[in-house]
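J.: Here you go, model-v1.txt (compact mmCIF, C-alpha atoms):
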# COMPACT_ATOMS: atom_id res chain seq x y z
CA MET A 1 4.42 -30.96 6.00
CA SER A 2 7.82 -30.52 7.64
CA GLU A 3 10.51 -28.51 5.92
CA ALA A 4 13.27 -30.34 4.06
CA ARG A 5 16.63 -30.87 5.70
CA VAL A 6 18.80 -27.75 5.77
CA MET A 7 21.99 -28.02 3.74
CA GLU A 8 25.23 -28.13 5.69
CA GLY A 9 26.51 -24.57 5.99
CA ALA A 10 23.09 -22.98 5.38
CA GLU A 11 22.07 -22.91 9.04
CA PRO A 12 20.96 -19.63 10.65
CA PHE A 13 23.35 -17.85 13.01
CA TYR A 14 22.41 -16.20 16.30
CA ALA A 15 24.87 -14.81 18.83
CA GLU A 16 24.20 -12.92 22.05
CA GLY A 17 26.65 -10.13 22.82
CA GLY A 18 26.21 -6.53 23.83
CA ARG A 19 23.20 -4.23 23.83
CA ALA A 20 23.68 -3.21 20.20
CA GLY A 21 22.13 -5.72 17.80
CA VAL A 22 22.53 -6.31 14.09
CA LEU A 23 19.93 -8.05 11.96
CA VAL A 24 21.62 -9.66 8.95
CA SER A 25 19.86 -11.02 5.86
CA HIS A 26 21.04 -13.21 3.00
CA GLY A 27 19.66 -12.95 -0.52
CA TYR A 28 17.39 -14.58 -3.08
CA THR A 29 18.09 -18.31 -3.67
CA GLY A 30 21.11 -18.01 -1.35
CA SER A 31 21.54 -18.94 2.30
CA PRO A 32 23.00 -17.64 5.57
CA GLN A 33 26.38 -18.96 4.37
CA SER A 34 26.86 -15.86 2.21
CA MET A 35 26.50 -13.56 5.23
CA ARG A 36 28.03 -15.74 7.92
CA PRO A 37 31.54 -14.19 7.78
CA LEU A 38 30.01 -10.74 8.28
CA ALA A 39 27.68 -11.97 11.03
CA GLU A 40 30.45 -13.82 12.87
CA GLY A 41 32.79 -10.86 12.51
CA LEU A 42 30.22 -8.54 14.05
CA ALA A 43 29.60 -11.01 16.88
CA GLU A 44 33.33 -11.15 17.58
CA ARG A 45 33.24 -7.37 17.95
CA GLY A 46 30.60 -7.66 20.66
CA PHE A 47 27.35 -7.15 18.76
CA THR A 48 24.31 -9.31 19.30
CA VAL A 49 23.61 -10.76 15.86
CA ALA A 50 20.63 -12.44 14.21
CA LEU A 51 21.08 -14.06 10.79
CA PRO A 52 17.89 -16.01 9.99
CA ARG A 53 17.44 -18.49 7.16
CA LEU A 54 14.68 -17.20 4.92
CA ARG A 55 11.83 -19.61 4.23
CA GLY A 56 12.58 -22.10 1.46
CA HIS A 57 16.26 -21.20 1.28
CA GLY A 58 19.10 -23.57 2.06
CA THR A 59 16.93 -26.66 1.56
CA THR A 60 15.58 -27.42 -1.93
CA PRO A 61 14.38 -25.32 -4.87
CA GLU A 62 11.06 -27.17 -4.65
CA GLU A 63 10.63 -25.93 -1.11
CA MET A 64 11.52 -22.40 -2.08
CA ALA A 65 8.90 -22.51 -4.85
CA ALA A 66 6.20 -22.57 -2.16
CA ALA A 67 7.63 -19.61 -0.22
CA THR A 68 6.38 -16.03 -0.53
CA ALA A 69 7.71 -12.55 0.07
CA ALA A 70 5.37 -12.41 3.08
CA ASP A 71 7.18 -15.47 4.48
CA TRP A 72 10.56 -13.80 4.07
CA VAL A 73 9.35 -10.59 5.71
CA ALA A 74 7.90 -12.64 8.58
CA ASP A 75 11.26 -14.37 9.07
CA ILE A 76 13.01 -11.01 9.26
CA GLU A 77 10.38 -9.56 11.59
CA GLY A 78 10.82 -12.58 13.86
CA ALA A 79 14.57 -12.09 14.00
CA ALA A 80 14.05 -8.39 14.73
CA SER A 81 11.79 -9.31 17.66
CA TRP A 82 14.50 -11.63 19.00
CA LEU A 83 16.98 -8.75 18.86
CA ARG A 84 14.61 -6.21 20.44
CA GLU A 85 14.25 -8.48 23.48
CA ARG A 86 18.02 -8.30 24.00
CA CYS A 87 19.20 -4.96 22.65
CA GLU A 88 18.80 -1.23 23.15
CA VAL A 89 19.96 -0.24 19.66
CA LEU A 90 19.27 -2.07 16.39
CA PHE A 91 20.96 -2.06 13.00
CA MET A 92 20.44 -4.08 9.83
CA ALA A 93 22.59 -5.27 6.94
CA GLY A 94 21.67 -7.41 3.96
CA LEU A 95 23.01 -8.66 0.65
CA SER A 96 21.06 -8.44 -2.63
CA MET A 97 17.44 -9.30 -1.75
CA GLY A 98 18.66 -9.12 1.85
CA GLY A 99 19.51 -5.51 1.06
CA THR A 100 16.01 -5.10 -0.34
CA LEU A 101 14.62 -6.48 2.92
CA THR A 102 16.89 -4.06 4.80
CA LEU A 103 15.36 -1.13 2.91
CA TYR A 104 11.87 -2.54 3.37
CA MET A 105 12.32 -2.87 7.13
CA ALA A 106 13.89 0.58 7.53
CA GLY A 107 11.02 2.13 5.59
CA ARG A 108 8.32 0.06 7.25
CA HIS A 109 9.71 0.76 10.74
CA PRO A 110 11.52 4.12 10.56
CA GLU A 111 11.95 4.20 14.34
CA MET A 112 13.46 0.73 14.66
CA PHE A 113 16.99 1.12 13.30
CA ALA A 114 19.88 3.40 14.19
CA GLY A 115 21.57 2.62 10.87
CA ILE A 116 21.46 0.28 7.89
CA VAL A 117 24.02 -1.25 5.52
CA PRO A 118 22.42 -2.50 2.29
CA ILE A 119 24.95 -4.41 0.16
CA ASN A 120 24.29 -4.63 -3.59
CA ALA A 121 20.64 -4.10 -2.77
CA ALA A 122 18.00 -4.36 -5.49
CA VAL A 123 14.87 -2.36 -6.17
CA PHE A 124 15.13 -3.19 -9.90
CA VAL A 125 17.05 -5.78 -11.90
CA ASN A 126 16.64 -4.61 -15.52
CA ASN A 127 15.89 -8.19 -16.54
CA PRO A 128 12.90 -8.34 -18.93
CA ASP A 129 13.35 -12.09 -19.43
CA LEU A 130 12.93 -12.67 -15.71
CA ALA A 131 10.00 -10.26 -15.45
CA SER A 132 8.23 -11.95 -18.34
CA LEU A 133 8.01 -15.15 -16.29
CA ALA A 134 6.44 -13.57 -13.19
CA PHE A 135 2.84 -14.19 -14.22
CA ALA A 136 3.23 -16.39 -17.28
CA GLU A 137 0.87 -19.37 -17.30
CA ASP A 138 3.23 -21.36 -19.53
CA ALA A 139 6.38 -20.60 -17.53
CA PRO A 140 8.81 -23.43 -16.75
CA VAL A 141 9.18 -24.70 -13.20
CA GLU A 142 12.67 -23.26 -12.91
CA VAL A 143 15.29 -21.30 -14.84
CA PRO A 144 19.10 -21.05 -14.45
CA GLY A 145 20.22 -19.60 -11.15
CA VAL A 146 21.73 -16.23 -10.26
CA GLY A 147 24.12 -17.32 -7.49
CA ASN A 148 27.89 -17.51 -7.30
CA ASP A 149 28.77 -14.19 -8.91
CA ILE A 150 32.14 -14.04 -7.14
CA LYS A 151 35.45 -12.67 -8.44
CA ALA A 152 37.72 -14.45 -5.95
CA SER A 153 38.94 -17.84 -7.13
CA GLY A 154 38.06 -20.95 -5.16
CA VAL A 155 35.10 -19.38 -3.34
CA THR A 156 31.61 -20.84 -3.74
CA GLU A 157 28.29 -19.45 -2.59
CA LEU A 158 25.88 -21.99 -1.15
CA ALA A 159 23.01 -21.06 -3.44
CA TYR A 160 20.55 -22.91 -5.63
CA PRO A 161 21.70 -23.58 -9.20
CA VAL A 162 18.19 -22.66 -10.36
CA VAL A 163 15.55 -20.00 -9.71
CA PRO A 164 12.14 -21.47 -8.79
CA VAL A 165 9.88 -19.57 -11.18
CA PRO A 166 6.91 -19.20 -8.76
CA THR A 167 9.11 -17.00 -6.55
CA ILE A 168 9.97 -14.50 -9.29
CA LYS A 169 6.76 -12.55 -8.76
CA GLU A 170 7.50 -12.53 -5.02
CA LEU A 171 10.88 -10.93 -5.66
CA PHE A 172 9.40 -8.25 -7.91
CA VAL A 173 6.65 -7.41 -5.43
CA LEU A 174 9.19 -7.10 -2.62
CA MET A 175 11.47 -4.87 -4.70
CA LYS A 176 8.58 -2.57 -5.58
CA ALA A 177 7.41 -2.34 -1.97
CA ALA A 178 10.94 -1.47 -0.85
CA GLU A 179 11.25 1.16 -3.58
CA GLU A 180 8.00 2.83 -2.51
CA LEU A 181 9.20 2.91 1.09
CA LEU A 182 12.55 4.60 0.35
CA PRO A 183 11.33 8.13 1.24
CA ARG A 184 10.39 6.84 4.71
CA ILE A 185 13.95 5.76 5.50
CA VAL A 186 15.43 8.32 7.87
CA CYS A 187 18.21 6.46 9.66
CA PRO A 188 21.88 6.77 8.63
CA MET A 189 22.80 4.55 5.69
CA LEU A 190 26.07 3.10 4.48
CA ALA A 191 25.24 1.63 1.07
CA VAL A 192 27.82 -0.83 -0.23
CA VAL A 193 28.00 -1.52 -3.98
CA SER A 194 30.28 -3.50 -6.26
CA ARG A 195 31.57 -1.59 -9.25
CA GLU A 196 31.09 -4.74 -11.34
CA ASP A 197 27.99 -6.81 -10.59
CA HIS A 198 26.52 -9.35 -13.00
CA VAL A 199 23.26 -9.87 -11.06
CA VAL A 200 22.05 -6.51 -9.72
CA PRO A 201 22.80 -3.31 -11.67
CA PRO A 202 25.07 -1.06 -9.55
CA ALA A 203 22.83 1.86 -10.53
CA ASN A 204 20.43 0.58 -7.87
CA THR A 205 22.56 1.99 -5.08
CA GLU A 206 22.81 5.48 -6.53
CA TYR A 207 19.05 5.46 -7.09
CA ILE A 208 18.44 4.30 -3.51
CA ALA A 209 20.80 6.92 -2.06
CA GLY A 210 18.94 9.60 -3.98
CA ARG A 211 15.52 8.54 -2.72
CA VAL A 212 15.98 7.92 1.01
CA ALA A 213 15.34 10.73 3.49
CA SER A 214 18.40 9.93 5.59
CA ALA A 215 20.48 12.96 6.52
CA GLU A 216 23.56 10.71 6.49
CA ARG A 217 23.94 8.52 3.42
CA GLU A 218 27.29 7.26 2.25
CA VAL A 219 28.09 5.02 -0.72
CA LEU A 220 31.04 2.64 -0.42
CA TRP A 221 32.19 1.44 -3.84
CA LEU A 222 33.90 -1.95 -4.01
CA GLU A 223 36.57 -2.28 -6.68
CA ASP A 224 37.51 -5.96 -6.31
CA SER A 225 34.26 -7.89 -5.84
CA TYR A 226 31.27 -9.03 -7.87
CA HIS A 227 27.72 -9.47 -6.58
CA VAL A 228 28.31 -11.78 -3.59
CA ALA A 229 30.70 -9.23 -2.11
CA THR A 230 30.47 -10.61 1.43
CA LEU A 231 32.33 -13.73 0.26
CA ASP A 232 34.57 -11.92 -2.21
CA ASN A 233 37.84 -10.00 -2.15
CA ASP A 234 36.34 -7.02 -0.29
CA ALA A 235 34.74 -9.05 2.53
CA ASP A 236 37.20 -7.74 5.13
CA LEU A 237 36.62 -4.16 4.01
CA ILE A 238 32.86 -4.59 4.29
CA LEU A 239 33.18 -6.00 7.80
CA ARG A 240 35.52 -3.24 8.93
CA ARG A 241 33.46 -0.40 7.52
CA ALA A 242 30.13 -1.87 8.69
CA ALA A 243 31.47 -2.45 12.22
CA GLU A 244 32.85 1.09 12.41
CA PHE A 245 29.52 2.47 11.17
CA PHE A 246 27.51 0.46 13.69
CA GLU A 247 29.86 1.27 16.58
CA ARG A 248 29.74 4.99 15.84
CA HIS A 249 25.97 5.12 15.64
CA ALA A 250 25.46 2.85 18.64
CA LYS A 251 27.50 5.32 20.65
CA ALA A 252 25.52 8.24 19.27
CA ALA A 253 22.21 6.52 20.04
CA ARG A 254 23.31 6.10 23.64
CA GLY A 255 24.24 9.77 23.82
CA GLY A 256 27.96 9.04 23.83
Kindly return the structure encoded in the file as structure tokens.
T.:
Amino acid sequence: MSEARVMEGAEPFYAEGGRAGVLVSHGYTGSPQSMRPLAEGLAERGFTVALPRLRGHGTTPEEMAAATAADWVADIEGAASWLRERCEVLFMAGLSMGGTLTLYMAGRHPEMFAGIVPINAAVFVNNPDLASLAFAEDAPVEVPGVGNDIKASGVTELAYPVVPVPTIKELFVLMKAAEELLPRIVCPMLAVVSREDHVVPPANTEYIAGRVASAEREVLWLEDSYHVATLDNDADLILRRAAEFFERHAKAARGG
């Protein structure tokens, strides 16, 4: 069966630029729209950029209900392959579950990335109500969504208004896999975290920074954004700091 029509604004974004590539991932129930300003900003700075649309996202909640964590990993792996065909140096950045996927990829492939930027990444959510639904036989089809946690007025995330309950277990499995892989992460890391986040506890980032094996690990605290920071008041700061981080490590990787 063919996939449902992609919502306007939720399309993936690919741009060919220089020999340094950045793999960018959106989050759970969201779409590429949340990461498009960052992806486009990096492309304008000369990076080759891949921002895939994760399976079941940006279409319908019913479609997402049939997607798995393995599907999302496969989408990211496919985008990484596209970048490797075009680039000498690879980086990755992701928001929320996209940050989880960033950690997963950097731990699964320690040699692949010259640096990562997880943004409000999650390896735990401290949400017993959500966890209780993961394997419940009597669970509802969907529960209220987690999108649109944005401080800036007049800004809307293109995310589902509901969480498809069958995907909750997929999220928890992915978070646990990423957590177990943290000690295998050796590349430089710039972890970005909002001081106030109503979806992912900010304590995630400090925990992550304490578990990775990276010799260089910096935490950038955001003071004026909520969870969807890439669309919020600190979006320009995130772009600037991420671009500087990638440029510096691209140069180092080339022996510059």
J.: Give me the residues within 9 Å of Tyr226 in chain A as a list in words, counting only C-alpha atoms and dropping any in the same chain fewer than 2 places off.
T.: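 My list of contacting residues is Asp149, Ile150, Lys151, Ala152, Ser194, Arg195, Glu196, Asp197, His198, Val199, Leu222, Glu223, Asp224, Val228, Ala229, Asp232 and Asn233 of chain A.
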J.: Write a file of the just-selected residues containing C-alpha atoms, as a PDB file, keeping the file's coordinate frame.
T.:
ATOM      1  CA  ASP A 149      28.770 -14.190  -8.910  1.00  0.00           C
ATOM      2  CA  ILE A 150      32.140 -14.040  -7.140  1.00  0.00           C
ATOM      3  CA  LYS A 151      35.450 -12.670  -8.440  1.00  0.00           C
ATOM      4  CA  ALA A 152      37.720 -14.450  -5.950  1.00  0.00           C
ATOM      5  CA  SER A 194      30.280  -3.500  -6.260  1.00  0.00           C
ATOM      6  CA  ARG A 195      31.570  -1.590  -9.250  1.00  0.00           C
ATOM      7  CA  GLU A 196      31.090  -4.740 -11.340  1.00  0.00           C
ATOM      8  CA  ASP A 197      27.990  -6.810 -10.590  1.00  0.00           C
ATOM      9  CA  HIS A 198      26.520  -9.350 -13.000  1.00  0.00           C
ATOM     10  CA  VAL A 199      23.260  -9.870 -11.060  1.00  0.00           C
ATOM     11  CA  LEU A 222      33.900  -1.950  -4.010  1.00  0.00           C
ATOM     12  CA  GLU A 223      36.570  -2.280  -6.680  1.00  0.00           C
ATOM     13  CA  ASP A 224      37.510  -5.960  -6.310  1.00  0.00           C
ATOM     14  CA  VAL A 228      28.310 -11.780  -3.590  1.00  0.00           C
ATOM     15  CA  ALA A 229      30.700  -9.230  -2.110  1.00  0.00           C
ATOM     16  CA  ASP A 232      34.570 -11.920  -2.210  1.00  0.00           C
ATOM     17  CA  ASN A 233      37.840 -10.000  -2.150  1.00  0.00           C
TER      18      ASN A 233
END
J.: To one decimal in Å, tell me the separation between CA of Arg36 in chain A and CA of Asn204 in chain A.
T.: 23.9 Å
J.: So, with only C-alpha atoms as the atoms that count, which of A:Glu218, A:Glu11, A:Asp234, A:Glu142 lies closest to Ala65 in chain A?
T.: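 Among A:Glu218, A:Glu11, A:Asp234, A:Glu142, it is A:Glu142 that comes nearest to Ala65 in chain A.
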J.: Using all atoms listed in the file, which residue out of A:Val186, A:Pro128, A:Ser34, A:Arg240 lies closest to His109 in chain A?
T.: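 Checking each candidate against His109 in chain A, we get A:Val186 as the closest.
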J.: Identify the residues within 10 Å of coordinate (27.8, -9.7, 22.6) (same frame as the file), considering only C-alpha atoms, and give the answer as a list in words.
T.: Ala15, Glu16, Gly17, Gly18, Arg19, Ala20, Gly21, Leu42, Ala43, Glu44, Arg45, Gly46, Phe47, Thr48, Val49, Arg86 and Cys87 of chain A
J.: Please indicate the distance in Å from CA of Gly147 in chain A to CA of Ala159 in chain A, rounded to one decimal place.
T.: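 Pair CA of Gly147 in chain A / CA of Ala159 in chain A returns 5.6 Å.
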J.: Near Gly115 in chain A, counting all atoms listed in the file, which residues have an atom at most 8 Å away, once you skip same-chain residues fewer than 5 positions from it, shown as a compact mmCIF listing (two decimals) with C-alpha atoms, in the frame of the given file?
T.:
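Output file selection.txt is given in full below:
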# COMPACT_ATOMS: atom_id res chain seq x y z
CA LEU A 90 19.27 -2.07 16.39
CA PHE A 91 20.96 -2.06 13.00
CA MET A 92 20.44 -4.08 9.83
CA CYS A 187 18.21 6.46 9.66
CA PRO A 188 21.88 6.77 8.63
CA MET A 189 22.80 4.55 5.69
CA LEU A 190 26.07 3.10 4.48
CA PHE A 245 29.52 2.47 11.17
CA PHE A 246 27.51 0.46 13.69
CA HIS A 249 25.97 5.12 15.64
J.: In terms of the shortest atom-to-atom distance over all atoms listed in the file, which of A:Arg248, A:His26, A:His227, A:Arg5 is closest to Met97 in chain A?
T.: A:His26
J.: Within 10 Å of range 98-106 of chain A, counting only C-alpha atoms, which residues qualify if same-chain residues fewer than 3 places away don't, as a VMD selection string?
T.: chain A and resid 23 to 28 30 35 54 69 72 to 73 76 to 77 80 91 to 95 109 to 124 171 174 to 182 184 to 187 189 191 to 192 208 212
J.: Which is closer to Asn148 in chain A than all the others in A:Gly210, A:Ser132, A:Thr29, A:Ala50, using all atoms listed in the file?
T.: A:Thr29
J.: Would you mind telling me which residue in A:Ala209, A:Ala242, A:Val165, A:Val155 lies nearest to Ala139 in chain A when using all atoms listed in the file?
T.: A:Val165
J.: Go through A:Ala215, A:Ala134, A:Val22, A:Leu158 one by one, measure the shortest atom-to-atom distance of each to Glu247 in chain A using only C-alpha atoms, and give the residue with the smallest value.
T.: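 Ranking A:Ala215, A:Ala134, A:Val22, A:Leu158 by distance to Glu247 in chain A, first place goes to A:Val22.
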J.: Please report the interatomic distance between CA of Ala253 in chain A and CA of Trp82 in chain A in Å with one decimal.
T.: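 Separating CA of Ala253 in chain A from CA of Trp82 in chain A is a distance of 19.7 Å.
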J.: Show which residues sit within 10 Å of Glu62 in chain A, as JSON, numbers by chain. Count all atoms listed in the file, and ignore same-chain residues fewer than 4 positions away.
T.: {"A": [4, 56, 57, 66, 67, 141, 142, 163, 164, 166]}
J.: Write out as a list of chain:residue names the residues lying within 8 Å of Ile168 in chain A, counting all atoms listed in the file and excluding same-chain residues fewer than 6 positions away.
T.: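 Result of the neighbour search: A:Leu130, A:Ala131, A:Leu133, A:Ala134.
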